[in-house]
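File shown: run_1.cif. Contents: mmCIF, C-alpha atoms, pLDDT in the B column; chains and numbers go by the auth columns.
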```
data_run
loop_
_atom_site.group_PDB
_atom_site.id
_atom_site.type_symbol
_atom_site.label_atom_id
_atom_site.label_comp_id
_atom_site.label_asym_id
_atom_site.label_seq_id
_atom_site.Cartn_x
_atom_site.Cartn_y
_atom_site.Cartn_z
_atom_site.B_iso_or_equiv
_atom_site.auth_seq_id
_atom_site.auth_asym_id
ATOM 1 C CA MET A 1 90.843 95.340 13.484 95.00 800 A
ATOM 2 C CA ILE A 2 93.483 98.037 13.975 97.00 801 A
ATOM 3 C CA THR A 3 96.087 97.716 16.719 98.00 802 A
ATOM 4 C CA VAL A 4 98.581 100.344 17.876 98.00 803 A
ATOM 5 C CA ARG A 5 101.534 99.309 20.037 98.00 804 A
ATOM 6 C CA PRO A 6 104.384 101.350 21.548 98.00 805 A
ATOM 7 C CA VAL A 7 107.623 99.707 20.405 98.00 806 A
ATOM 8 C CA LEU A 8 111.353 100.068 20.997 98.00 807 A
ATOM 9 C CA GLU A 9 114.008 99.231 18.431 97.00 808 A
ATOM 10 C CA ILE A 10 116.376 96.653 19.893 97.00 809 A
ATOM 11 C CA PRO A 11 120.104 97.205 19.246 95.00 810 A
ATOM 12 C CA GLY A 12 122.702 94.512 18.823 93.00 811 A
ATOM 13 C CA HIS A 13 123.304 92.823 22.180 90.00 812 A
ATOM 14 C CA GLU A 14 125.240 89.622 21.480 89.00 813 A
ATOM 15 C CA SER A 15 127.906 90.366 24.104 91.00 814 A
ATOM 16 C CA PHE A 16 125.645 92.047 26.666 96.00 815 A
ATOM 17 C CA GLY A 17 125.953 90.485 30.118 96.00 816 A
ATOM 18 C CA LEU A 18 125.085 93.064 32.764 97.00 817 A
ATOM 19 C CA TRP A 19 121.612 91.514 33.360 98.00 818 A
ATOM 20 C CA PRO A 20 119.391 88.924 31.665 97.00 819 A
ATOM 21 C CA VAL A 21 117.881 89.901 28.316 97.00 820 A
ATOM 22 C CA SER A 22 115.664 88.011 25.893 96.00 821 A
ATOM 23 C CA ASP A 23 116.763 86.526 22.578 92.00 822 A
ATOM 24 C CA VAL A 24 114.773 89.049 20.514 92.00 823 A
ATOM 25 C CA GLU A 25 116.446 89.663 17.160 94.00 824 A
ATOM 26 C CA PRO A 26 118.569 92.843 16.976 94.00 825 A
ATOM 27 C CA PHE A 27 117.125 95.715 14.932 93.00 826 A
ATOM 28 C CA THR A 28 113.570 94.481 15.356 96.00 827 A
ATOM 29 C CA PHE A 29 110.905 96.015 17.571 97.00 828 A
ATOM 30 C CA LEU A 30 109.836 95.079 21.095 98.00 829 A
ATOM 31 C CA ALA A 31 106.334 96.064 22.220 98.00 830 A
ATOM 32 C CA LEU A 32 106.133 97.649 25.670 98.00 831 A
ATOM 33 C CA ASP A 33 103.239 96.788 27.975 98.00 832 A
ATOM 34 C CA GLY A 34 102.456 95.168 31.288 97.00 833 A
ATOM 35 C CA THR A 35 102.799 91.585 30.038 97.00 834 A
ATOM 36 C CA LEU A 36 106.550 91.503 29.415 98.00 835 A
ATOM 37 C CA ALA A 37 108.547 88.788 31.137 97.00 836 A
ATOM 38 C CA PRO A 38 111.492 89.939 33.277 98.00 837 A
ATOM 39 C CA ASP A 39 114.025 89.304 30.519 97.00 838 A
ATOM 40 C CA GLY A 40 111.827 91.358 28.171 98.00 839 A
ATOM 41 C CA VAL A 41 111.879 94.254 30.623 98.00 840 A
ATOM 42 C CA GLY A 42 115.641 93.843 30.859 98.00 841 A
ATOM 43 C CA THR A 43 115.856 93.988 27.074 98.00 842 A
ATOM 44 C CA ALA A 44 113.882 97.239 27.007 98.00 843 A
ATOM 45 C CA VAL A 45 116.061 98.826 29.697 98.00 844 A
ATOM 46 C CA MET A 46 119.174 97.688 27.836 98.00 845 A
ATOM 47 C CA ALA A 47 117.836 99.229 24.622 98.00 846 A
ATOM 48 C CA LEU A 48 117.034 102.558 26.272 98.00 847 A
ATOM 49 C CA ALA A 49 120.428 102.698 27.975 98.00 848 A
ATOM 50 C CA THR A 50 122.168 101.874 24.664 97.00 849 A
ATOM 51 C CA CYS A 51 120.231 104.653 22.882 94.00 850 A
ATOM 52 C CA ASN A 52 121.738 107.154 25.287 95.00 851 A
ATOM 53 C CA ASP A 53 125.178 105.638 25.850 92.00 852 A
ATOM 54 C CA LEU A 54 127.132 108.675 24.682 87.00 853 A
ATOM 55 C CA ASP A 55 130.406 109.926 26.074 81.00 854 A
ATOM 56 C CA PRO A 56 129.791 112.824 28.458 75.00 855 A
ATOM 57 C CA GLY A 57 130.816 116.349 27.537 74.00 856 A
ATOM 58 C CA ASP A 58 131.583 119.305 29.747 68.00 857 A
ATOM 59 C CA ASP A 59 127.923 119.603 30.794 77.00 858 A
ATOM 60 C CA ARG A 60 127.735 116.130 32.383 81.00 859 A
ATOM 61 C CA PRO A 61 129.714 114.354 35.121 83.00 860 A
ATOM 62 C CA PRO A 62 132.430 111.915 34.018 85.00 861 A
ATOM 63 C CA ARG A 63 131.534 108.315 33.251 90.00 862 A
ATOM 64 C CA PRO A 64 132.040 105.961 36.219 90.00 863 A
ATOM 65 C CA ASP A 65 134.767 103.345 35.914 92.00 864 A
ATOM 66 C CA ASP A 66 132.636 100.330 36.841 94.00 865 A
ATOM 67 C CA PRO A 67 130.944 98.551 33.872 95.00 866 A
ATOM 68 C CA LEU A 68 127.391 98.857 35.202 97.00 867 A
ATOM 69 C CA GLY A 69 127.669 102.491 36.239 95.00 868 A
ATOM 70 C CA GLY A 70 129.442 103.314 32.992 95.00 869 A
ATOM 71 C CA PHE A 71 126.740 101.688 30.860 96.00 870 A
ATOM 72 C CA LEU A 72 123.895 103.386 32.728 97.00 871 A
ATOM 73 C CA HIS A 73 125.612 106.779 32.807 95.00 872 A
ATOM 74 C CA GLY A 74 124.002 108.217 29.679 95.00 873 A
ATOM 75 C CA LEU A 75 120.530 107.020 30.658 97.00 874 A
ATOM 76 C CA LEU A 76 120.913 108.587 34.102 96.00 875 A
ATOM 77 C CA THR A 77 122.487 111.884 33.045 94.00 876 A
ATOM 78 C CA MET A 78 121.401 112.747 29.480 92.00 877 A
ATOM 79 C CA ASP A 79 118.688 115.365 28.963 90.00 878 A
ATOM 80 C CA PRO A 80 116.703 114.971 26.832 94.00 879 A
ATOM 81 C CA LEU A 81 116.706 111.215 26.409 96.00 880 A
ATOM 82 C CA PHE A 82 116.029 109.287 23.184 96.00 881 A
ATOM 83 C CA ALA A 83 113.848 106.160 22.903 97.00 882 A
ATOM 84 C CA ALA A 84 114.417 104.721 19.413 97.00 883 A
ATOM 85 C CA GLY A 85 111.116 103.382 18.142 97.00 884 A
ATOM 86 C CA GLY A 86 107.609 104.771 18.080 97.00 885 A
ATOM 87 C CA LEU A 87 104.142 103.403 17.381 97.00 886 A
ATOM 88 C CA GLN A 88 103.530 100.285 15.325 98.00 887 A
ATOM 89 C CA VAL A 89 100.128 100.096 13.645 98.00 888 A
ATOM 90 C CA THR A 90 98.715 96.862 12.235 98.00 889 A
ATOM 91 C CA ASP A 91 95.571 96.206 10.243 97.00 890 A
ATOM 92 C CA THR A 92 94.934 92.591 11.234 96.00 891 A
ATOM 93 C CA VAL A 93 92.431 92.122 8.388 95.00 892 A
ATOM 94 C CA THR A 94 94.682 93.141 5.487 95.00 893 A
ATOM 95 C CA GLY A 95 98.032 92.456 7.176 96.00 894 A
ATOM 96 C CA THR A 96 99.243 96.000 6.467 97.00 895 A
ATOM 97 C CA ARG A 97 101.700 97.209 9.088 97.00 896 A
ATOM 98 C CA LEU A 98 103.200 100.646 9.689 97.00 897 A
ATOM 99 C CA VAL A 99 106.463 100.646 11.638 97.00 898 A
ATOM 100 C CA PRO A 100 108.533 103.592 12.900 96.00 899 A
ATOM 101 C CA GLY A 101 111.280 104.833 10.614 95.00 900 A
ATOM 102 C CA CYS A 102 114.887 105.560 11.519 93.00 901 A
ATOM 103 C CA CYS A 103 115.411 108.487 13.923 93.00 902 A
ATOM 104 C CA SER A 104 111.835 108.178 15.204 94.00 903 A
ATOM 105 C CA GLY A 105 111.454 108.090 18.978 96.00 904 A
ATOM 106 C CA LEU A 106 108.717 107.123 21.403 96.00 905 A
ATOM 107 C CA GLU A 107 109.240 110.458 23.131 95.00 906 A
ATOM 108 C CA ASP A 108 107.792 112.145 20.016 93.00 907 A
ATOM 109 C CA ARG A 109 104.479 110.255 20.003 94.00 908 A
ATOM 110 C CA GLY A 110 102.707 113.485 20.980 93.00 909 A
ATOM 111 C CA ASP A 111 102.891 114.311 17.258 93.00 910 A
ATOM 112 C CA TRP A 112 100.130 111.745 16.750 95.00 911 A
ATOM 113 C CA TRP A 113 97.847 113.784 19.012 93.00 912 A
ATOM 114 C CA ASP A 114 98.734 116.895 17.034 92.00 913 A
ATOM 115 C CA VAL A 115 97.364 115.175 13.923 94.00 914 A
ATOM 116 C CA LEU A 116 94.078 114.597 15.762 93.00 915 A
ATOM 117 C CA ASP A 117 93.758 117.909 17.573 90.00 916 A
ATOM 118 C CA GLY A 118 95.927 120.310 15.574 82.00 917 A
ATOM 119 C CA ASP A 119 95.585 121.381 11.982 79.00 918 A
ATOM 120 C CA GLY A 120 95.710 117.792 10.739 71.00 919 A
ATOM 121 C CA SER A 121 99.007 118.224 8.904 77.00 920 A
ATOM 122 C CA ALA A 122 101.097 115.104 8.426 79.00 921 A
ATOM 123 C CA ALA A 123 103.270 113.892 11.286 86.00 922 A
ATOM 124 C CA TRP A 124 106.864 112.892 10.473 84.00 923 A
ATOM 125 C CA LEU A 125 107.476 109.381 11.804 94.00 924 A
ATOM 126 C CA GLY A 126 111.049 108.685 10.698 94.00 925 A
ATOM 127 C CA HIS A 127 112.700 107.632 7.444 94.00 926 A
ATOM 128 C CA ASP A 128 113.806 104.465 5.623 93.00 927 A
ATOM 129 C CA PRO A 129 110.885 103.644 5.674 95.00 928 A
ATOM 130 C CA SER A 130 109.186 107.044 5.807 95.00 929 A
ATOM 131 C CA PRO A 131 105.725 106.565 7.341 96.00 930 A
ATOM 132 C CA SER A 132 103.310 109.422 7.945 95.00 931 A
ATOM 133 C CA ALA A 133 99.980 110.166 9.600 95.00 932 A
ATOM 134 C CA GLU A 134 97.673 112.798 8.128 94.00 933 A
ATOM 135 C CA ARG A 135 94.098 113.710 8.989 94.00 934 A
ATOM 136 C CA HIS A 136 91.480 113.927 6.261 91.00 935 A
ATOM 137 C CA GLY A 137 88.231 115.046 7.870 92.00 936 A
ATOM 138 C CA SER A 138 86.984 112.280 10.163 94.00 937 A
ATOM 139 C CA THR A 139 89.725 109.831 9.137 95.00 938 A
ATOM 140 C CA VAL A 140 93.490 109.635 9.662 96.00 939 A
ATOM 141 C CA ARG A 141 95.430 108.078 6.808 95.00 940 A
ATOM 142 C CA LEU A 142 98.557 106.209 7.896 97.00 941 A
ATOM 143 C CA THR A 143 100.896 105.762 4.949 96.00 942 A
ATOM 144 C CA VAL A 144 103.441 102.982 5.418 97.00 943 A
ATOM 145 C CA ASP A 145 106.195 104.609 3.327 96.00 944 A
ATOM 146 C CA THR A 146 105.702 107.980 1.664 94.00 945 A
ATOM 147 C CA ALA A 147 108.934 107.480 -0.273 93.00 946 A
ATOM 148 C CA ALA A 148 107.430 104.523 -2.164 93.00 947 A
ATOM 149 C CA ASP A 149 105.290 105.126 -5.249 89.00 948 A
ATOM 150 C CA THR A 150 102.766 102.423 -4.359 93.00 949 A
ATOM 151 C CA SER A 151 102.829 102.433 -0.578 96.00 950 A
ATOM 152 C CA PRO A 152 99.950 100.744 1.243 97.00 951 A
ATOM 153 C CA TRP A 153 98.060 102.736 3.847 97.00 952 A
ATOM 154 C CA ILE A 154 95.699 102.258 6.770 97.00 953 A
ATOM 155 C CA ASP A 155 92.670 104.510 7.287 97.00 954 A
ATOM 156 C CA VAL A 156 91.548 104.892 10.897 97.00 955 A
ATOM 157 C CA PRO A 157 88.503 106.869 12.074 97.00 956 A
ATOM 158 C CA VAL A 158 89.519 109.725 14.363 96.00 957 A
ATOM 159 C CA PRO A 159 87.520 108.474 17.413 97.00 958 A
ATOM 160 C CA GLU A 160 89.034 105.001 17.069 98.00 959 A
ATOM 161 C CA LEU A 161 92.583 106.320 16.779 97.00 960 A
ATOM 162 C CA ARG A 162 92.004 108.517 19.821 97.00 961 A
ATOM 163 C CA GLN A 163 91.038 105.431 21.836 98.00 962 A
ATOM 164 C CA LEU A 164 94.028 103.498 20.523 98.00 963 A
ATOM 165 C CA LEU A 165 96.448 106.285 21.466 97.00 964 A
ATOM 166 C CA THR A 166 94.953 106.413 24.958 97.00 965 A
ATOM 167 C CA ALA A 167 95.563 102.663 25.241 98.00 966 A
ATOM 168 C CA VAL A 168 99.201 103.246 24.224 98.00 967 A
ATOM 169 C CA GLU A 169 99.660 105.503 27.258 97.00 968 A
ATOM 170 C CA GLU A 170 98.170 102.783 29.462 98.00 969 A
ATOM 171 C CA ASP A 171 100.541 100.195 27.975 98.00 970 A
ATOM 172 C CA LEU A 172 103.529 102.421 28.705 98.00 971 A
ATOM 173 C CA ALA A 173 102.384 103.129 32.262 97.00 972 A
ATOM 174 C CA ASP A 174 101.987 99.373 32.821 98.00 973 A
ATOM 175 C CA PHE A 175 105.479 98.799 31.441 98.00 974 A
ATOM 176 C CA LEU A 176 106.929 101.423 33.770 98.00 975 A
ATOM 177 C CA ALA A 177 105.299 99.686 36.747 97.00 976 A
ATOM 178 C CA LEU A 178 106.903 96.406 35.664 97.00 977 A
ATOM 179 C CA ALA A 179 110.237 98.134 35.193 98.00 978 A
ATOM 180 C CA ALA A 180 110.089 99.542 38.723 97.00 979 A
ATOM 181 C CA HIS A 181 109.806 96.023 40.162 97.00 980 A
ATOM 182 C CA TRP A 182 112.483 94.756 37.776 98.00 981 A
ATOM 183 C CA ALA A 183 114.923 97.515 38.731 98.00 982 A
ATOM 184 C CA THR A 184 114.487 96.834 42.438 97.00 983 A
ATOM 185 C CA GLU A 185 115.585 93.252 41.855 97.00 984 A
ATOM 186 C CA HIS A 186 118.258 93.678 39.167 98.00 985 A
ATOM 187 C CA LEU A 187 119.624 97.180 39.795 98.00 986 A
ATOM 188 C CA PRO A 188 119.043 97.786 43.517 97.00 987 A
ATOM 189 C CA ASP A 189 121.749 100.430 43.834 96.00 988 A
ATOM 190 C CA HIS A 190 120.377 102.415 40.893 96.00 989 A
ATOM 191 C CA SER A 191 116.679 101.499 40.889 97.00 990 A
ATOM 192 C CA GLN A 192 115.110 104.860 41.742 96.00 991 A
ATOM 193 C CA ARG A 193 117.267 106.803 39.284 97.00 992 A
ATOM 194 C CA VAL A 194 116.730 104.209 36.552 98.00 993 A
ATOM 195 C CA VAL A 195 112.942 104.284 36.919 97.00 994 A
ATOM 196 C CA SER A 196 112.985 108.080 36.904 97.00 995 A
ATOM 197 C CA ALA A 197 115.111 108.026 33.738 97.00 996 A
ATOM 198 C CA LEU A 198 112.764 105.533 32.062 98.00 997 A
ATOM 199 C CA ALA A 199 109.817 107.818 32.818 97.00 998 A
ATOM 200 C CA ARG A 200 111.684 110.746 31.259 96.00 999 A
ATOM 201 C CA ALA A 201 112.727 108.720 28.213 97.00 1000 A
ATOM 202 C CA LEU A 202 109.129 107.631 27.613 96.00 1001 A
ATOM 203 C CA THR A 203 107.678 111.050 28.566 95.00 1002 A
ATOM 204 C CA LEU A 204 105.579 109.536 31.339 93.00 1003 A
ATOM 205 C CA PRO A 205 104.692 111.059 34.709 85.00 1004 A
ATOM 206 C CA PRO A 206 107.257 110.104 37.364 77.00 1005 A
ATOM 207 C CA ARG A 207 106.297 107.262 39.684 67.00 1006 A
ATOM 208 C CA ASN A 208 105.739 108.139 43.342 58.00 1007 A
#
```

Represent the supplied structure as structure tokens.
Amino acid sequence: MITVRPVLEIPGHESFGLWPVSDVEPFTFLALDGTLAPDGVGTAVMALATCNDLDPGDDRPPRPDDPLGGFLHGLLTMDPLFAAGGLQVTDTVTGTRLVPGCCSGLEDRGDWWDVLDGDGSAAWLGHDPSPSAERHGSTVRLTVDTAADTSPWIDVPVPELRQLLTAVEEDLADFLALAAHWATEHLPDHSQRVVSALARALTLPPRN
């Protein structure tokens, strides 16, 4: 069976204390869906805020002095936003797993649809490792690391991959619904702006 999950790369967070986060290992991936516990949602929000925690330039307002406002500032004011991660594909029969490479972002997952519906040319999915997705007729070949001479790969029929990518969008929408409830409880003074920023970071429709 083939599974496809939307995942975020989790940064180092040993000293983070602005809200509860899980003990997930730094520099591993966290899958986003509607089953995350509250501390998992907090971990995802922390990761997205960290991705975009850059000092403002002349085109953005100054960073607030308070620790919470200062940490959230990039997430709330950057455009576009970056969501380090991507799609993780696993063949549960062979154990082969494709993970996003460095500099890959969940906001770029539309490239997967371009492989299905465009000219089939390979999608760039990051580097170190350097995975790729390329259509060959009725099958998409997912190569785990194109930089390796003997990289394993996963072949997925086009109709199956289309269904799996649709399920990814459902997982992300379910995560955003969880995050909206989480933000109301943990970030009440920023909840609406945070949820709007999460939707932008994940290229999802805004919540009403």

Which distance in Å separates atom CA of A:Met877 and atom CA of A:Asp858, to one decimal?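 Atom CA of A:Met877 sits 9.6 Å away from atom CA of A:Asp858.
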
Could you tell me which of A:Leu871, A:Val939, A:Ala843, A:Ala976 comes closest to A:Asp954 if we count all atoms listed in the file?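 Closest to A:Asp954 of all the choices is A:Val939.
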
One number please: atom CA of A:Leu886 to atom CA of A:Thr802, in Å, one decimal.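 These atoms are spaced 9.9 Å apart.
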
Please evaluate the PyMOL selection byres ((chain A and resi 878) around 12) against the displayed coordinates and give the resulting residues as a ChimeraX atom specification. /A:851,853,855,858-859,872-877,879-881,996-997,999-1000,1002

Can you check which parts of stretch 830-885 of chain A lie within 6 Å of stretch 803-815 of chain A? Per residue, the shortest pair of atoms and distance in Å to one decimal, counting only C-alpha atoms, sorted by chain and number, as CSV.
```
residue,atom,partner,partner_atom,distance
A:Ala830,CA,A:Val806,CA,4.3
A:Leu831,CA,A:Pro805,CA,5.8
A:Ala846,CA,A:Ile809,CA,5.6
A:Ala883,CA,A:Glu808,CA,5.6
A:Gly884,CA,A:Leu807,CA,4.4
A:Gly885,CA,A:Val806,CA,5.6
```

For stretch 834-847 of chain A, take all atoms listed in the file, fit an axis-aligned box around them, add 3 Å to each of the six sides, then output centre and edge lengths in Å rounded to one decimal, as lines of an AutoDock Vina configuration file.
```
center_x = 111.0
center_y = 95.7
center_z = 28.9
size_x = 22.4
size_y = 19.8
size_z = 14.7
```
